[in-house]
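Engineer: This is coords.tsv, which holds TSV, C-alpha atoms:
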```
chain	number	residue	atom	x	y	z
A	970	MET	CA	117.66	159.31	16.02
A	971	GLU	CA	117.90	162.99	17.00
A	972	PRO	CA	114.67	164.02	15.16
A	973	VAL	CA	112.81	161.19	16.90
A	974	ARG	CA	114.18	162.20	20.30
A	975	LYS	CA	113.26	165.81	19.64
A	976	ALA	CA	109.73	164.85	18.64
A	977	VAL	CA	109.28	162.73	21.80
A	978	ARG	CA	110.57	165.50	24.06
A	979	THR	CA	108.31	168.08	22.40
A	980	LEU	CA	105.29	165.80	22.76
A	981	LEU	CA	106.02	165.07	26.43
A	982	SER	CA	106.43	168.79	27.12
A	983	ALA	CA	103.12	169.60	25.44
A	984	VAL	CA	101.28	166.82	27.28
A	985	HIS	CA	102.58	167.89	30.69
A	986	PHE	CA	101.84	171.53	29.98
A	987	GLY	CA	98.38	170.75	28.62
A	988	LEU	CA	97.47	168.70	31.69
A	989	GLY	CA	98.65	171.45	34.01
A	990	TRP	CA	101.51	169.43	35.49
A	991	LEU	CA	104.32	171.69	34.40
A	992	PRO	CA	103.74	174.66	36.77
A	993	GLY	CA	103.70	172.34	39.78
A	994	LYS	CA	106.41	171.94	42.40
A	995	PRO	CA	109.69	170.81	40.80
A	996	PRO	CA	111.79	168.13	42.53
A	997	ASP	CA	113.68	169.10	45.67
A	998	ASP	CA	117.03	169.03	43.92
A	999	VAL	CA	119.35	171.32	42.04
A	1000	ARG	CA	119.50	171.54	38.25
A	1001	ILE	CA	122.88	172.52	36.85
A	1002	LEU	CA	122.37	174.01	33.39
A	1003	LEU	CA	125.17	173.64	30.84
A	1004	TYR	CA	125.59	176.13	27.99
A	1005	HIS	CA	128.29	176.35	25.36
A	1006	ARG	CA	127.67	178.99	22.71
A	1007	ILE	CA	125.24	181.93	22.58
A	1008	ASN	CA	124.93	183.30	19.04
A	1009	THR	CA	122.65	183.84	16.05
A	1010	LEU	CA	124.54	181.68	13.56
A	1011	GLU	CA	122.48	179.36	11.38
A	1012	GLY	CA	123.64	175.76	11.36
A	1013	ASP	CA	124.88	175.70	14.96
A	1014	PRO	CA	122.51	173.34	16.82
A	1015	VAL	CA	124.28	173.77	20.17
A	1016	ALA	CA	124.10	177.57	20.23
A	1017	VAL	CA	121.22	179.25	22.07
A	1018	ARG	CA	120.09	182.50	20.50
A	1019	PRO	CA	120.53	185.58	22.73
A	1020	GLU	CA	116.80	186.32	22.85
A	1021	ALA	CA	116.04	182.70	23.84
A	1022	PHE	CA	118.76	182.82	26.49
A	1023	ALA	CA	117.29	186.05	27.92
A	1024	ARG	CA	113.84	184.43	28.11
A	1025	GLN	CA	115.29	181.36	29.83
A	1026	MET	CA	117.15	183.48	32.38
A	1027	SER	CA	114.04	185.54	33.07
A	1028	TYR	CA	112.12	182.33	33.74
A	1029	LEU	CA	114.87	181.08	36.06
A	1030	ALA	CA	115.01	184.36	37.96
A	1031	GLY	CA	111.25	184.38	38.44
A	1032	ASN	CA	110.71	180.74	39.36
A	1033	PHE	CA	113.91	179.34	40.87
A	1034	ARG	CA	116.56	180.18	43.39
A	1035	VAL	CA	119.64	180.59	41.18
A	1036	ILE	CA	122.69	179.72	43.28
A	1037	ARG	CA	126.43	179.72	42.74
A	1038	LEU	CA	128.13	176.43	41.99
A	1039	GLY	CA	130.10	176.80	45.21
A	1040	ASP	CA	126.85	176.81	47.19
A	1041	LEU	CA	126.62	173.09	46.45
A	1042	LEU	CA	129.36	172.53	49.00
A	1043	GLU	CA	126.88	173.57	51.68
A	1044	GLY	CA	124.45	171.05	50.23
A	1045	VAL	CA	127.00	168.28	50.56
A	1046	ASN	CA	127.32	168.88	54.29
A	1047	GLY	CA	123.57	169.36	54.66
A	1048	SER	CA	123.53	173.00	55.74
A	1049	ILE	CA	121.17	174.05	52.91
A	1050	THR	CA	118.51	172.33	50.83
A	1051	PHE	CA	117.90	172.64	47.13
A	1052	ARG	CA	114.21	173.39	46.82
A	1053	ARG	CA	113.61	175.11	43.46
A	1054	ALA	CA	117.34	175.71	42.88
A	1055	ALA	CA	119.40	175.98	39.70
A	1056	VAL	CA	123.02	176.66	38.72
A	1057	ILE	CA	124.19	178.19	35.43
A	1058	THR	CA	127.44	176.95	33.85
A	1059	PHE	CA	129.30	177.50	30.57
A	1060	ASP	CA	131.95	175.20	29.11
A	1061	ASP	CA	134.94	175.88	26.84
A	1062	GLY	CA	135.26	179.68	27.03
A	1063	TYR	CA	133.55	180.78	23.82
A	1064	ARG	CA	133.75	184.47	23.14
A	1065	ASP	CA	130.11	184.66	22.04
A	1066	ALA	CA	129.04	183.63	25.54
A	1067	LEU	CA	130.98	186.59	26.87
A	1068	GLU	CA	129.43	188.96	24.34
A	1069	HIS	CA	125.81	187.78	24.51
A	1070	ALA	CA	125.27	185.93	27.80
A	1071	VAL	CA	127.27	187.96	30.31
A	1072	PRO	CA	125.35	191.24	29.76
A	1073	ILE	CA	122.06	189.39	30.32
A	1074	LEU	CA	123.36	187.67	33.45
A	1075	THR	CA	124.75	190.94	34.79
A	1076	HIS	CA	121.52	192.82	34.12
A	1077	MET	CA	119.48	190.17	35.96
A	1078	GLY	CA	122.02	189.74	38.76
A	1079	LEU	CA	122.44	186.01	38.10
A	1080	PRO	CA	125.60	184.07	39.04
A	1081	ALA	CA	127.32	181.63	36.68
A	1082	CYS	CA	130.46	179.50	36.48
A	1083	PHE	CA	132.66	179.50	33.37
A	1084	PHE	CA	134.80	176.40	32.79
A	1085	ILE	CA	137.86	177.30	30.73
A	1086	SER	CA	140.25	175.23	28.61
A	1087	THR	CA	143.33	177.38	29.07
A	1088	GLY	CA	145.18	176.22	25.95
A	1089	LEU	CA	142.37	177.49	23.74
A	1090	LEU	CA	142.27	181.04	25.09
A	1091	GLY	CA	142.96	183.66	22.46
A	1092	THR	CA	142.52	181.19	19.59
A	1093	ASP	CA	139.79	179.91	17.27
A	1094	ARG	CA	141.16	176.38	17.51
A	1095	ARG	CA	138.47	173.83	16.72
A	1096	ILE	CA	137.00	171.59	19.41
A	1097	PRO	CA	135.57	168.22	18.28
A	1098	GLY	CA	131.83	168.60	17.89
A	1099	GLU	CA	131.89	172.13	16.50
A	1100	PRO	CA	130.04	172.33	13.15
A	1101	ASP	CA	132.30	171.90	10.12
A	1102	GLY	CA	133.22	175.06	8.30
A	1103	MET	CA	132.38	177.37	11.19
A	1104	ILE	CA	134.83	179.31	13.36
A	1105	PHE	CA	134.18	180.00	17.03
A	1106	PRO	CA	136.73	182.33	18.68
A	1107	LYS	CA	137.54	181.70	22.32
A	1108	MET	CA	137.95	184.32	25.05
A	1109	GLU	CA	141.23	186.09	25.81
A	1110	TRP	CA	143.02	185.98	29.17
A	1111	ALA	CA	141.86	189.52	29.88
A	1112	ASP	CA	138.26	188.37	29.45
A	1113	ILE	CA	138.70	185.65	32.09
A	1114	GLU	CA	140.23	188.16	34.49
A	1115	GLY	CA	137.27	190.47	33.87
A	1116	LEU	CA	134.74	187.72	34.55
A	1117	ALA	CA	136.44	186.90	37.85
A	1118	GLU	CA	136.50	190.57	38.82
A	1119	GLN	CA	132.76	190.80	38.12
A	1120	GLY	CA	132.16	187.96	40.58
A	1121	PHE	CA	131.59	185.09	38.17
A	1122	GLU	CA	133.05	181.74	39.20
A	1123	ILE	CA	135.89	180.31	37.11
A	1124	GLY	CA	136.53	176.58	36.79
A	1125	ALA	CA	139.16	174.43	35.06
A	1126	HIS	CA	138.33	172.42	31.94
A	1127	SER	CA	141.77	170.93	31.05
A	1128	VAL	CA	144.35	172.68	28.89
A	1129	HIS	CA	143.58	171.32	25.42
A	1130	HIS	CA	139.99	170.07	25.88
A	1131	VAL	CA	140.91	166.38	25.68
A	1132	SER	CA	139.00	163.31	26.82
A	1133	LEU	CA	140.66	162.52	30.13
A	1134	GLY	CA	139.26	158.99	30.06
A	1135	ASN	CA	141.12	158.35	26.82
A	1136	THR	CA	144.37	159.96	27.98
A	1137	ASP	CA	147.10	158.12	29.87
A	1138	PRO	CA	147.17	158.92	33.62
A	1139	ASP	CA	150.28	161.10	33.48
A	1140	GLY	CA	148.84	163.11	30.59
A	1141	ALA	CA	145.48	163.48	32.31
A	1142	ILE	CA	147.11	164.69	35.52
A	1143	ASP	CA	149.14	167.24	33.56
A	1144	GLU	CA	146.00	168.52	31.79
A	1145	ILE	CA	144.17	168.85	35.12
A	1146	LEU	CA	146.90	170.47	37.18
A	1147	ARG	CA	148.25	172.76	34.47
A	1148	SER	CA	144.80	174.17	33.71
A	1149	LYS	CA	144.26	174.86	37.41
A	1150	ARG	CA	147.70	176.45	37.80
A	1151	ASP	CA	147.29	178.58	34.67
A	1152	LEU	CA	143.91	179.89	35.76
A	1153	GLU	CA	144.99	180.64	39.31
A	1154	GLY	CA	147.98	182.55	37.98
A	1155	GLY	CA	145.78	184.45	35.55
A	1156	ILE	CA	142.97	185.51	37.88
A	1157	GLY	CA	144.92	185.60	41.13
A	1158	ARG	CA	142.54	183.47	43.17
A	1159	PRO	CA	141.95	179.75	43.90
A	1160	VAL	CA	140.21	177.58	41.30
A	1161	ARG	CA	138.31	174.79	43.06
A	1162	TYR	CA	135.88	173.54	40.40
A	1163	PHE	CA	136.52	171.24	37.42
A	1164	SER	CA	134.45	170.16	34.44
A	1165	TYR	CA	135.35	167.02	32.48
A	1166	PRO	CA	135.73	167.85	28.75
A	1167	PHE	CA	132.92	166.15	26.80
A	1168	GLY	CA	131.71	164.68	30.12
A	1169	ARG	CA	130.52	161.31	28.80
A	1170	PRO	CA	131.25	158.09	30.72
A	1171	GLU	CA	134.20	157.25	28.48
A	1172	ASP	CA	135.67	160.73	29.03
A	1173	ILE	CA	135.86	160.48	32.82
A	1174	PRO	CA	139.15	158.95	34.06
A	1175	ARG	CA	138.98	155.66	35.95
A	1176	ASP	CA	142.55	155.67	37.20
A	1177	ASN	CA	142.74	155.97	41.01
A	1178	GLN	CA	145.76	158.26	40.87
A	1179	VAL	CA	143.91	160.70	38.60
A	1180	HIS	CA	140.89	160.62	40.91
A	1181	GLY	CA	143.17	161.34	43.84
A	1182	VAL	CA	144.58	164.39	42.08
A	1183	LEU	CA	141.07	165.68	41.41
A	1184	ARG	CA	140.00	165.19	45.02
A	1185	ASP	CA	143.15	166.82	46.35
A	1186	ASN	CA	142.86	169.89	44.15
A	1187	PHE	CA	139.14	170.51	43.59
A	1188	ASP	CA	135.94	170.62	45.62
A	1189	LEU	CA	133.44	169.91	42.82
A	1190	CYS	CA	133.59	168.20	39.41
A	1191	CYS	CA	130.87	168.44	36.76
A	1192	THR	CA	130.07	165.72	34.23
A	1193	GLY	CA	127.92	165.62	31.11
A	1194	TYR	CA	125.49	163.13	32.67
A	1195	ARG	CA	121.97	164.48	32.32
A	1196	GLY	CA	119.59	164.84	35.24
A	1197	PRO	CA	119.21	166.33	38.72
A	1198	ASN	CA	121.50	166.41	41.73
A	1199	ILE	CA	119.37	165.17	44.61
A	1200	GLN	CA	119.76	166.40	48.16
A	1201	GLY	CA	121.30	163.66	50.30
A	1202	GLN	CA	122.69	161.81	47.27
A	1203	LEU	CA	125.21	164.38	46.06
A	1204	ASN	CA	128.52	163.13	44.73
A	1205	PRO	CA	130.56	166.35	44.53
A	1206	PHE	CA	132.95	164.77	42.01
A	1207	HIS	CA	130.21	163.48	39.72
A	1208	LEU	CA	127.66	166.27	39.40
A	1209	HIS	CA	124.99	165.92	36.73
A	1210	ARG	CA	124.13	168.72	34.34
A	1211	VAL	CA	121.44	169.48	31.77
A	1212	SER	CA	122.88	170.58	28.44
A	1213	ILE	CA	120.72	173.35	26.96
A	1214	ARG	CA	120.85	173.39	23.16
A	1215	GLY	CA	119.58	175.82	20.59
A	1216	THR	CA	117.11	173.21	19.36
A	1217	PHE	CA	115.20	173.45	22.66
A	1218	GLY	CA	111.90	175.26	22.56
A	1219	PHE	CA	110.90	177.32	25.59
A	1220	LEU	CA	108.33	174.73	26.66
A	1221	GLU	CA	110.98	172.02	26.47
A	1222	PHE	CA	113.30	174.17	28.58
A	1223	LYS	CA	110.63	174.50	31.29
A	1224	ALA	CA	109.87	170.78	31.12
A	1225	GLU	CA	113.55	169.95	31.63
A	1226	LEU	CA	113.66	172.11	34.74
A	1227	ALA	CA	110.48	170.52	36.07
A	1228	GLY	CA	111.99	167.02	35.84
A	1229	VAL	CA	109.70	165.79	33.06
A	1230	PHE	CA	112.56	163.97	31.33
A	1231	ASP	CA	114.34	162.59	34.39
A	1232	PHE	CA	113.31	158.98	33.78
A	1233	TYR	CA	114.47	159.12	30.17
A	1234	ASN	CA	117.70	160.86	31.14
A	1235	ARG	CA	118.46	158.14	33.69
A	1236	ARG	CA	117.80	155.45	31.09
A	1237	GLU	CA	120.05	157.23	28.56
A	1238	ASN	CA	122.82	157.59	31.15
A	1239	TYR	CA	122.51	153.87	32.01
A	1240	LEU	CA	122.64	152.72	28.40
A	1241	THR	CA	125.59	154.99	27.68
A	1242	ARG	CA	127.51	153.59	30.67
A	1243	ARG	CA	126.75	150.02	29.57
A	1244	SER	CA	128.13	150.67	26.07
A	1245	SER	CA	131.30	152.47	27.22
```
Just give me the structure of the file as structure tokens.

Structural biologist:
Amino acid sequence: MEPVRKAVRTLLSAVHFGLGWLPGKPPDDVRILLYHRINTLEGDPVAVRPEAFARQMSYLAGNFRVIRLGDLLEGVNGSITFRRAAVITFDDGYRDALEHAVPILTHMGLPACFFISTGLLGTDRRIPGEPDGMIFPKMEWADIEGLAEQGFEIGAHSVHHVSLGNTDPDGAIDEILRSKRDLEGGIGRPVRYFSYPFGRPEDIPRDNQVHGVLRDNFDLCCTGYRGPNIQGQLNPFHLHRVSIRGTFGFLEFKAELAGVFDFYNRRENYLTRRSS
């Protein structure tokens, strides 16, 4: 299925670019980009190569208003609009993102939010979905402190990177609150953003008590649902993101930002919800 999907996305990108639609005005919304790993390892389909990441960031800097995740709070209350806006986020706390992405972001003056699973810091413990036989070290506590000192936003991502939708309410609440408490103790400042591990419909808790804990302790929560966040329709506890993978070509990256795949993303989100 993945090769077919890739072929369709590549064809759509080429058609839109060839017809001159791609450089046009993108939707008046905000695109939250989701990255995981930045490396040159063969056999890691999620990882974006450093040179590809640099090209993507250069395109963002030249064509979009790159905002901080916290700026979305102003969008919720209507004090700003999201014309040609994008947010950069990283999940899980991989060390290769620190080594390869942060220097590029710093050089270009671009903000980003790093969502950290605190129980994985300082380890190479495997997260489900990582390619078999490959090791991906996570950041150390000192690295997180350094990111915060440089002005990057830090968000919670549970302690052990578990599916909160498949965890009992007491366990989910412990994962949420302990990750927040650990991070705040480590960086010495409030942590008000949360990212659901895996982020699929089945991974998002349905229990009202868990939702209450999230609303009481965070301002924004990011999912893995693909697509835009539209001005006037923002749900701050169910923000959509676009996962950027190493299999993306540059044209496909630009097409994603221009909203070329929004219809297909909405259909995929709907079908996934129906099957969960």

Engineer: Would you mind listing what lies within 9 Å of Pro1100 (chain A) as a PyMOL selection string, with only C-alpha atoms counted and same-chain residues fewer than 4 positions away left out?

Structural biologist: chain A and resi 1012-1014+1104

Engineer: Per residue of region 987-1101 of chain A within 9 Å of region 1165-1172 of chain A, note the shortest atom pair and the distance in Å to one decimal, counting all atoms listed in the file, and order the rows by chain and increasing residue number, as a Markdown table.

Structural biologist:
```
| residue | atom | partner | partner_atom | distance |
| --- | --- | --- | --- | --- |
| A:Asp1060 | CA | A:Pro1166 | CA | 8.3 |
| A:Asp1061 | CA | A:Pro1166 | CA | 8.3 |
| A:Ser1086 | CA | A:Pro1166 | CA | 8.7 |
```

Engineer: Write out as a compact mmCIF listing (two decimals) with C-alpha atoms, in the frame of the given file the residues lying within 6 Å of His1207 (chain A), counting all atoms listed in the file and excluding same-chain residues fewer than 3 positions away.

Structural biologist:
```
# COMPACT_ATOMS: atom_id res chain seq x y z
CA CYS A 1190 133.59 168.20 39.41
CA CYS A 1191 130.87 168.44 36.76
CA THR A 1192 130.07 165.72 34.23
CA ASN A 1204 128.52 163.13 44.73
```

Engineer: Which neighbours of Leu1208 (chain A) fall inside 10 Å, counting all atoms listed in the file, when residues of the same chain fewer than 4 positions from it are skipped, and could you give them as a list in words?

Structural biologist: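 Surrounding residues, per the criterion: Arg1000, Ile1001, Leu1041, Ser1164, Leu1189, Cys1190, Cys1191, Thr1192, Gly1193, Tyr1194, Arg1195, Gly1196, Pro1197, Asn1198, Ile1199, Leu1203 and Asn1204 of chain A.
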
Engineer: Could you list, as a list in words, every residue within 12 Å of Asp1185 (chain A), counting only C-alpha atoms and ignoring same-chain residues fewer than 6 positions away?

Structural biologist: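 Once the nearby chain positions are removed, what remains is Ile1142, Ile1145, Leu1146, Arg1161, Tyr1162, Phe1163, Gln1178, Val1179 and Phe1206 of chain A.
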
Engineer: Leaving out Leu1133 (chain A) and any residue of its chain fewer than 2 positions from it, which residues lie within 7 Å of it when counting all atoms listed in the file, given as number ranges by chain?

Structural biologist: A: 1131, 1135-1136, 1141, 1172-1174

Engineer: Deliver the residues from the most recent selection as a file, using C-alpha atoms, as a compact mmCIF listing (two decimals), keeping the file's coordinate frame.

Structural biologist:
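See selection-v4.txt below for the written result:
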```
# COMPACT_ATOMS: atom_id res chain seq x y z
CA VAL A 1131 140.91 166.38 25.68
CA ASN A 1135 141.12 158.35 26.82
CA THR A 1136 144.37 159.96 27.98
CA ALA A 1141 145.48 163.48 32.31
CA ASP A 1172 135.67 160.73 29.03
CA ILE A 1173 135.86 160.48 32.82
CA PRO A 1174 139.15 158.95 34.06
```

Engineer: Rounded to one decimal, what separation in Å do you get between CA of Arg1006 (chain A) and CA of Gly1155 (chain A)?

Structural biologist: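 Spanning CA of Arg1006 (chain A) to CA of Gly1155 (chain A) is a straight-line distance of 22.9 Å.
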
Engineer: Restricting the calculation to only C-alpha atoms: of A:Leu1089, A:Ala1054, A:Ile1096, A:Ile1156, which residue gets closest to Ala1111 (chain A)?

Structural biologist: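 Ranking A:Leu1089, A:Ala1054, A:Ile1096, A:Ile1156 by distance to Ala1111 (chain A), first place goes to A:Ile1156.
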
Engineer: What gap, in Å, lies between CA of Pro1019 (chain A) and CA of Val1160 (chain A)?

Structural biologist: 28.2 Å

Engineer: Work out how far apart CA of Ser1212 (chain A) and CA of Leu1002 (chain A) are and give it in Å to one decimal.

Structural biologist: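 So the answer is 6.0 Å.
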
Engineer: Report the centre and edge lengths, in Å to one decimal, of an axis-aligned box enclosing every atom of region 1137-1155 of chain A listed in the file, padded by 4 Å on each side, as JSON.

Structural biologist:
```
{"center_x": 147.1, "center_y": 171.3, "center_z": 34.6, "size_x": 14.4, "size_y": 34.3, "size_z": 17.4}
```
